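Chemist: Below is the file final_30.txt, which contains compact mmCIF, C-alpha atoms.
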# COMPACT_ATOMS: atom_id res chain seq x y z
CA MET J 1 7.30 -52.21 56.54
CA PHE J 2 8.19 -55.56 58.08
CA ARG J 3 6.81 -56.70 61.42
CA PHE J 4 5.81 -59.74 63.45
CA GLU J 5 2.10 -59.68 64.26
CA ASN J 6 2.61 -61.73 67.43
CA SER J 7 6.14 -60.69 68.32
CA TYR J 8 5.88 -62.00 71.91
CA PHE J 9 6.09 -65.55 70.49
CA LEU J 10 9.68 -64.81 69.47
CA TYR J 11 10.70 -65.16 73.11
CA VAL J 12 9.91 -68.86 72.76
CA GLN J 13 12.99 -69.11 70.49
CA VAL J 14 15.02 -69.31 73.68
CA LEU J 15 13.96 -72.97 73.72
CA VAL J 16 16.19 -73.66 70.70
CA PRO J 17 19.57 -73.17 72.47
CA VAL J 18 18.10 -74.84 75.58
CA PHE J 19 17.27 -77.97 73.58
CA VAL J 20 20.73 -77.92 71.98
CA LEU J 21 22.32 -77.83 75.42
CA ILE J 22 20.11 -80.65 76.70
CA TYR J 23 20.90 -82.74 73.60
CA LEU J 24 24.65 -82.26 74.03
CA LEU J 25 24.46 -83.15 77.73
CA LEU J 26 22.42 -86.30 77.04
CA ARG J 27 24.76 -87.28 74.18
CA ASN J 28 27.76 -86.89 76.45
CA TYR J 29 25.99 -88.85 79.20
CA ARG J 30 25.25 -91.68 76.74
CA ILE J 31 28.89 -91.87 75.73
CA LYS J 32 29.93 -92.08 79.39
CA LEU J 33 27.46 -94.92 79.95
CA LEU J 34 28.84 -96.81 76.96
CA THR J 35 32.41 -96.47 78.23
CA ARG J 36 31.38 -98.35 81.38
CA TYR J 37 30.71 -101.44 79.26
CA GLY J 38 33.91 -101.34 77.27
CA ASP J 39 35.77 -99.58 74.49
CA VAL J 40 33.40 -97.32 72.50
CA ASN J 41 34.96 -98.27 69.13
CA LEU J 42 34.50 -101.96 69.94
CA LEU J 43 30.87 -101.39 70.94
CA ASN J 44 30.27 -99.57 67.65
CA LEU J 45 31.54 -102.68 65.82
CA LEU J 46 28.96 -104.71 67.72
CA MET J 47 26.23 -102.34 66.44
CA PRO J 48 27.17 -102.10 62.74
CA ASP J 49 23.76 -100.92 61.58
CA VAL J 50 23.55 -97.92 63.90
CA SER J 51 24.62 -94.64 62.25
CA LYS J 52 26.74 -92.26 64.28
CA TYR J 53 25.61 -89.19 62.32
CA LYS J 54 21.94 -89.69 61.46
CA ASN J 55 20.92 -89.04 65.05
CA VAL J 56 22.51 -85.57 64.81
CA LEU J 57 20.84 -84.99 61.45
CA LYS J 58 17.39 -85.95 62.79
CA PHE J 59 17.82 -83.71 65.84
CA THR J 60 18.86 -80.82 63.58
CA LEU J 61 15.77 -81.33 61.42
CA LEU J 62 13.44 -81.37 64.44
CA LEU J 63 15.06 -78.31 65.99
CA SER J 64 14.89 -76.40 62.70
CA ALA J 65 11.23 -77.34 62.36
CA LEU J 66 10.58 -76.01 65.87
CA ALA J 67 12.31 -72.72 65.01
CA PHE J 68 10.19 -72.31 61.86
CA ILE J 69 6.99 -73.15 63.79
CA ILE J 70 7.78 -70.45 66.36
CA LEU J 71 8.53 -67.89 63.62
CA GLY J 72 5.36 -68.88 61.80
CA THR J 73 3.30 -68.46 64.98
CA ALA J 74 4.79 -64.97 65.40
CA ASN J 75 3.51 -64.37 61.84
CA PRO J 76 5.94 -62.21 59.82
CA GLN J 77 4.08 -59.57 57.81
CA ILE J 78 4.96 -56.99 55.17
CA GLY J 79 2.91 -53.81 54.85
CA THR J 80 1.40 -53.24 51.41
CA LYS J 81 -0.86 -50.19 51.84
CA LEU J 82 0.30 -46.86 53.26
CA GLU J 83 -2.35 -44.31 54.23
CA ASN J 84 -2.27 -40.76 55.58
CA PHE J 85 -3.94 -40.01 58.90
CA LYS J 86 -4.49 -36.90 60.98
CA ARG J 87 -3.70 -37.23 64.65
CA GLU J 88 -3.65 -35.04 67.72
CA GLY J 89 -0.88 -35.44 70.24
CA VAL J 90 2.34 -34.04 71.66
CA ASP J 91 5.99 -34.60 70.84
CA VAL J 92 7.70 -36.65 73.55
CA ILE J 93 11.45 -37.20 73.69
CA LEU J 94 12.82 -39.84 76.06
CA ALA J 95 16.38 -39.06 77.16
CA ILE J 96 18.11 -42.12 78.64
CA ASP J 97 21.31 -41.89 80.66
CA VAL J 98 23.84 -44.49 79.42
CA SER J 99 26.79 -43.49 81.60
CA ASN J 100 28.67 -46.20 83.47
CA SER J 101 26.90 -45.33 86.73
CA MET J 102 23.69 -46.72 85.18
CA LYS J 103 25.26 -50.20 85.49
CA ALA J 104 24.86 -50.03 89.28
CA GLU J 105 22.62 -52.78 90.61
CA ASP J 106 20.83 -51.04 93.48
CA VAL J 107 17.84 -51.22 91.11
CA LYS J 108 17.45 -54.74 89.68
CA PRO J 109 18.68 -56.00 87.28
CA ASN J 110 20.52 -52.68 86.99
CA ARG J 111 19.60 -49.03 86.56
CA LEU J 112 19.81 -48.99 82.77
CA GLU J 113 17.85 -52.20 82.18
CA ARG J 114 15.13 -51.06 84.58
CA ALA J 115 15.06 -47.66 82.82
CA LYS J 116 14.52 -49.44 79.49
CA GLN J 117 11.66 -51.41 81.04
CA TYR J 118 10.03 -48.14 82.12
CA VAL J 119 10.45 -46.63 78.67
CA SER J 120 8.96 -49.75 77.07
CA LYS J 121 5.91 -49.45 79.33
CA LEU J 122 5.55 -45.77 78.44
CA ILE J 123 5.67 -46.55 74.73
CA ASP J 124 3.04 -49.28 75.15
CA LYS J 125 0.65 -46.79 76.75
CA MET J 126 1.09 -43.99 74.21
CA TYR J 127 -1.23 -43.74 71.23
CA ASN J 128 -1.22 -40.51 69.26
CA ASP J 129 1.99 -38.88 70.46
CA ARG J 130 5.21 -38.76 68.48
CA ILE J 131 8.16 -40.37 70.25
CA GLY J 132 11.91 -39.77 69.99
CA ILE J 133 14.84 -41.28 71.90
CA ILE J 134 18.07 -39.56 72.97
CA VAL J 135 20.96 -41.31 74.73
CA PHE J 136 23.50 -39.36 76.73
CA ALA J 137 26.55 -39.69 78.93
CA GLY J 138 29.38 -37.17 78.47
CA ASP J 139 27.78 -36.36 75.09
CA ALA J 140 24.23 -36.71 73.78
CA PHE J 141 23.08 -38.38 70.56
CA ILE J 142 19.76 -38.92 68.82
CA GLN J 143 18.97 -42.64 68.88
CA LEU J 144 15.58 -42.22 67.19
CA PRO J 145 14.09 -39.03 65.67
CA LEU J 146 10.49 -38.15 66.47
CA THR J 147 8.19 -40.75 64.94
CA THR J 148 4.76 -42.34 65.25
CA ASP J 149 6.25 -45.78 64.57
CA TYR J 150 6.09 -47.32 68.04
CA SER J 151 7.45 -50.64 66.77
CA ALA J 152 10.60 -48.86 65.59
CA ALA J 153 10.82 -47.11 68.96
CA LYS J 154 10.78 -50.48 70.77
CA LEU J 155 13.38 -51.84 68.36
CA PHE J 156 15.76 -48.90 68.87
CA LEU J 157 15.16 -49.04 72.62
CA SER J 158 16.38 -52.64 72.70
CA THR J 159 19.79 -51.53 71.34
CA VAL J 160 20.37 -48.89 74.04
CA ASP J 161 23.52 -49.73 76.01
CA CYS J 162 26.29 -47.99 77.94
CA ASP J 163 28.69 -48.62 75.05
CA LEU J 164 26.70 -46.36 72.70
CA VAL J 165 28.43 -43.19 73.95
CA TYR J 166 32.23 -43.30 73.95
CA ASN J 167 32.67 -40.13 76.00
CA GLN J 168 31.62 -41.18 79.50
CA GLY J 169 30.48 -38.88 82.29
CA THR J 170 27.01 -37.43 82.75
CA SER J 171 25.89 -34.31 80.89
CA ILE J 172 22.16 -33.83 81.42
CA GLY J 173 22.43 -30.32 80.03
CA LYS J 174 23.61 -31.61 76.67
CA ALA J 175 20.64 -33.98 76.52
CA ILE J 176 18.28 -31.05 77.21
CA GLU J 177 20.02 -28.90 74.59
CA LEU J 178 19.81 -31.64 71.96
CA SER J 179 16.13 -32.19 72.68
CA MET J 180 15.46 -28.48 72.18
CA LYS J 181 17.00 -28.75 68.71
CA SER J 182 14.97 -31.88 67.96
CA PHE J 183 11.65 -30.15 68.60
CA LYS J 184 10.22 -27.62 66.17
CA GLN J 185 11.73 -24.30 67.13
CA GLU J 186 8.73 -22.20 66.05
CA GLU J 187 6.37 -24.04 68.41
CA LYS J 188 6.16 -22.91 72.04
CA LYS J 189 4.06 -25.83 73.29
CA TYR J 190 3.16 -29.47 72.57
CA LYS J 191 6.65 -30.57 73.72
CA ALA J 192 7.65 -32.91 76.58
CA LEU J 193 11.06 -34.22 77.60
CA ILE J 194 11.37 -37.22 79.94
CA ILE J 195 14.87 -37.62 81.39
CA ILE J 196 15.70 -40.98 82.95
CA THR J 197 18.93 -40.83 84.94
CA ASP J 198 20.56 -41.24 88.34
CA GLY J 199 21.19 -37.48 88.36
CA GLU J 200 24.96 -37.57 88.88
CA ASN J 201 25.67 -34.60 86.64
CA HIS J 202 29.34 -33.69 86.34
CA GLU J 203 29.63 -31.82 83.08
CA ASP J 204 27.35 -28.75 82.90
CA ASP J 205 24.65 -26.60 84.49
CA ALA J 206 21.60 -28.74 83.77
CA ILE J 207 19.30 -26.55 85.89
CA SER J 208 19.99 -23.43 83.81
CA MET J 209 19.56 -25.45 80.61
CA ALA J 210 16.20 -26.70 81.89
CA GLY J 211 15.13 -23.09 82.39
CA GLU J 212 16.15 -22.25 78.82
CA ALA J 213 14.19 -25.24 77.52
CA ALA J 214 11.10 -24.13 79.47
CA LYS J 215 11.23 -20.76 77.68
CA THR J 216 10.85 -22.61 74.35
CA GLY J 217 7.81 -24.52 75.62
CA VAL J 218 9.49 -27.79 76.62
CA VAL J 219 8.02 -29.40 79.73
CA ILE J 220 10.64 -31.52 81.51
CA TYR J 221 9.94 -34.61 83.60
CA THR J 222 12.69 -36.50 85.40
CA ILE J 223 12.72 -40.11 86.58
CA GLY J 224 15.41 -40.85 89.14
CA MET J 225 17.10 -44.24 88.96
CA GLY J 226 18.93 -45.69 91.96
CA SER J 227 19.06 -45.26 95.73
CA VAL J 228 20.33 -42.40 97.87
CA ASN J 229 22.69 -44.83 99.64
CA GLY J 230 24.22 -45.71 96.31
CA ALA J 231 25.93 -48.81 94.95
CA PRO J 232 29.28 -49.74 93.35
CA ILE J 233 29.58 -50.04 89.57
CA PRO J 234 30.23 -53.68 88.61
CA ILE J 235 32.68 -54.77 85.94
CA TYR J 236 31.70 -57.90 84.01
CA SER J 237 33.67 -60.31 81.87
CA GLY J 238 31.04 -62.13 79.86
CA ASN J 239 28.32 -62.95 82.38
CA GLN J 240 30.72 -63.11 85.31
CA ARG J 241 31.25 -60.12 87.62
CA VAL J 242 34.99 -59.79 88.12
CA ASN J 243 35.38 -56.50 90.01
CA PHE J 244 33.98 -53.07 90.80
CA MET J 245 34.99 -49.78 89.20
CA THR J 246 37.61 -47.82 91.16
CA ASP J 247 38.90 -44.24 91.09
CA ASN J 248 42.49 -43.12 90.48
CA GLU J 249 43.36 -43.85 94.09
CA GLY J 250 42.04 -47.39 93.94
CA ASN J 251 38.90 -46.72 95.98
CA THR J 252 35.64 -48.37 94.92
CA VAL J 253 33.36 -45.86 93.20
CA VAL J 254 29.91 -45.62 94.80
CA THR J 255 27.26 -43.92 92.67
CA LYS J 256 24.20 -42.36 94.34
CA LEU J 257 20.89 -40.96 93.17
CA ASP J 258 20.92 -37.15 93.21
CA ALA J 259 17.21 -36.62 93.79
CA GLY J 260 17.69 -32.95 94.71
CA LEU J 261 19.19 -32.08 91.34
CA LEU J 262 16.48 -33.94 89.43
CA GLU J 263 13.77 -32.16 91.42
CA GLN J 264 15.33 -28.80 90.53
CA ILE J 265 15.58 -29.71 86.84
CA ALA J 266 11.93 -30.77 86.77
CA SER J 267 10.90 -27.62 88.65
CA GLU J 268 12.78 -25.36 86.23
CA GLY J 269 11.24 -27.27 83.34
CA ASN J 270 7.67 -26.85 84.70
CA GLY J 271 7.41 -30.61 85.05
CA LYS J 272 7.58 -33.26 87.74
CA PHE J 273 10.19 -35.45 89.41
CA ILE J 274 9.42 -39.18 89.83
CA ARG J 275 11.55 -41.43 91.99
CA SER J 276 12.32 -45.10 91.28
CA THR J 277 13.71 -47.15 94.16
CA GLY J 278 13.19 -50.67 92.87
CA GLU J 279 9.43 -50.37 92.55
CA ASP J 280 7.82 -49.10 89.37
CA PRO J 281 7.63 -45.29 89.38
CA ASP J 282 4.26 -43.58 89.10
CA LEU J 283 4.09 -43.82 85.31
CA ALA J 284 0.29 -43.44 85.35
CA SER J 285 0.52 -39.92 86.77
CA LEU J 286 3.24 -39.07 84.24
CA LEU J 287 1.04 -40.24 81.37
CA ASP J 288 -1.86 -38.25 82.80
CA GLU J 289 0.34 -35.15 82.85
CA ILE J 290 1.27 -35.65 79.19
CA ALA J 291 -2.32 -36.44 78.23
CA GLY J 292 -3.40 -33.18 79.85
CA MET J 293 -1.01 -31.10 77.72
CA GLU J 294 -2.35 -29.07 74.83
CA LYS J 295 -2.16 -31.14 71.66
CA LYS J 296 -1.37 -30.32 68.07
CA GLU J 297 -2.66 -31.85 64.87
CA TYR J 298 -0.18 -33.53 62.58
CA LYS J 299 -0.16 -35.92 59.66
CA ALA J 300 1.05 -39.49 60.01
CA GLN J 301 1.56 -42.29 57.52
CA LEU J 302 0.63 -45.78 58.65
CA PHE J 303 0.47 -49.18 57.00
CA THR J 304 -3.12 -50.43 57.09
CA ASP J 305 -2.84 -53.66 55.08
CA TYR J 306 -0.33 -56.42 55.73
CA VAL J 307 0.43 -59.65 53.88
CA ASP J 308 0.95 -62.73 56.08
CA TYR J 309 3.89 -65.08 55.48
CA PHE J 310 3.37 -67.59 58.30
CA GLN J 311 2.19 -70.27 55.86
CA TYR J 312 5.58 -70.49 54.12
CA LEU J 313 7.31 -71.09 57.45
CA PHE J 314 4.80 -73.78 58.40
CA VAL J 315 5.35 -75.49 55.03
CA LEU J 316 9.11 -75.50 55.66
CA ALA J 317 8.54 -76.91 59.16
CA LEU J 318 6.26 -79.64 57.73
CA ALA J 319 8.86 -80.55 55.10
CA LEU J 320 11.53 -80.89 57.78
CA LEU J 321 9.26 -83.05 59.96
CA LEU J 322 8.47 -85.31 56.99
CA ALA J 323 12.18 -85.58 56.22
CA ASP J 324 12.79 -86.60 59.83
CA ILE J 325 10.11 -89.32 59.59
CA PHE J 326 11.65 -90.86 56.49
CA ILE J 327 15.22 -90.79 57.79
CA SER J 328 16.03 -93.87 59.84
CA GLU J 329 18.77 -93.95 62.46
CA ARG J 330 19.95 -97.22 60.91
CA LYS J 331 22.49 -97.23 58.14
CA ASN J 332 21.13 -97.33 54.59
CA LYS J 333 23.03 -99.66 52.27
CA LEU J 334 22.78 -97.28 49.31
CA ILE J 335 23.83 -94.24 51.32
CA GLU J 336 26.55 -96.29 52.98
CA SER J 337 27.94 -97.16 49.57
CA LEU J 338 27.98 -93.46 48.69
CA ASN J 339 29.72 -92.74 52.04
CA LEU J 340 27.84 -89.43 52.49
CA PHE J 341 28.43 -89.37 56.23
CA GLY J 342 32.03 -90.56 56.09
CA GLU J 343 31.27 -93.69 58.11
CA ARG J 344 32.94 -96.19 55.80
CA LYS J 345 36.72 -96.20 56.09
CA GLN J 346 38.66 -96.07 52.88
Taking this structure as input, can you express it in the form of structure tokens?
Modeler:
Amino acid sequence: MFRFENSYFLYVQVLVPVFVLIYLLLRNYRIKLLTRYGDVNLLNLLMPDVSKYKNVLKFTLLLSALAFIILGTANPQIGTKLENFKREGVDVILAIDVSNSMKAEDVKPNRLERAKQYVSKLIDKMYNDRIGIIVFAGDAFIQLPLTTDYSAAKLFLSTVDCDLVYNQGTSIGKAIELSMKSFKQEEKKYKALIIITDGENHEDDAISMAGEAAKTGVVIYTIGMGSVNGAPIPIYSGNQRVNFMTDNEGNTVVTKLDAGLLEQIASEGNGKFIRSTGEDPDLASLLDEIAGMEKKEYKAQLFTDYVDYFQYLFVLALALLLADIFISERKNKLIESLNLFGERKQ
């Protein structure tokens, strides 16, 4: 089992491309300044001892050292001791709508990204429950089987995207049906399904399917994403929005939250409907509902001992920093004779 003990430090790695961009901008600015004084090639002849390539090498060493320091601070670990534990909890499956309508931006940054944020918060607040993830659009697929490995759940959650399901549309009923198969069939309790969607169901009778799931002991909660006024579905090229999705007649498609349907599904599933309109939904009450469910005892395997590897990354960073100290930006006569950087013309 591999993990980062302080995984939140990994976000600091965003500094690496930022520093690269700043370096390139400053390098380009320096070249522009030099051109104001004359021909760059002529100026280079007037500074024969200044290397054109060592500056890049030294920057690369410093940037690599920074990357290793950040990774070392996050502390990569490998589990070495696996132990069996007995826990009491319920099985919770999170069904996430990944249809194109979840790209609508009436909930910022968009419905799907906000849904993933909610799921991440739910995972952070769960302790003894087993968690599974289902993604659905026109079809439904298991993204993560039921597990007690919350780190794996967060990892799989990060990969959830609208491109995961080729067959677009919205089939909440298929998500409910797949969750029923994912739970133990012989058990008539200890099971919760949380559906996160805008509720625009076009494919099946989700209300009847929710009733069938309730007969097998599945309690269904729904979280509605979006606004009742709706929003168009943006089309992006890279990071640039280029258009909005249109229907066959060329009209802009506006997708709206169907709160009524989600309330009916939750009612049939003996659960609760929670609305999200830009503010965080009432996740605390949802967690209280799940905590109040009857729990079952199950066995879980967890790593209890981990070996740290941060020291190796710090050693690499130190070696790179020392290398940077001993490398001068001036040309070295020996290295120049070897022509390692291709600075001496043949």
Chemist: Kindly extract all protein, DNA and RNA residues lying within 10 Å of the coordinates (0.3, -64.7, 56.3) given in the file, considering all atoms listed in the file, and supply them as a PyMOL selection string.
Modeler: chain J and resi 5+72-73+75-78+306-313
Chemist: So how far away is CA of Asn239 (chain J) from CA of Phe59 (chain J), in Å?
Modeler: 28.5 Å
Chemist: Can you tell me which residues surround region 194-210 of chain J at a distance of at most 7 Å, considering all atoms listed in the file, apart from same-chain residues fewer than 4 positions away, and format the answer as a PyMOL selection string?
Modeler: chain J and resi 93-97+115+169-173+176-177+214+220-226+257-259+261-262+264-265+268-269
Chemist: Which of these, J:Val98, J:Ala175, J:Val107, J:Leu62, has the shortest distance to Ala137 (chain J) once you count only C-alpha atoms?
Modeler: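 Between J:Val98, J:Ala175, J:Val107, J:Leu62, the residue approaching Ala137 (chain J) most closely is J:Val98.
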Chemist: Which of these residues is nearest to Tyr23 (chain J), using all atoms listed in the file: J:Lys58, J:Arg3, J:Arg36, J:Arg275?
Modeler: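 Among the listed residues, the smallest separation from Tyr23 (chain J) belongs to J:Lys58.
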Chemist: Neighbourhood query: residues within 7 Å of (5.2, -44.5, 80.6), file coordinates, counting only C-alpha atoms; return as a list in words.
Modeler: Tyr118, Val119, Lys121, Leu122, Ile123, Lys125, Leu283, Ala284, Leu286 and Leu287 of chain J
Chemist: Of the residues J:Thr216, J:Thr159, J:Ser285, J:Asn84, which is the one nearest to Ser179 (chain J), using only C-alpha atoms?
Modeler: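 Once distances to Ser179 (chain J) are computed over only C-alpha atoms, the minimum belongs to J:Thr216.
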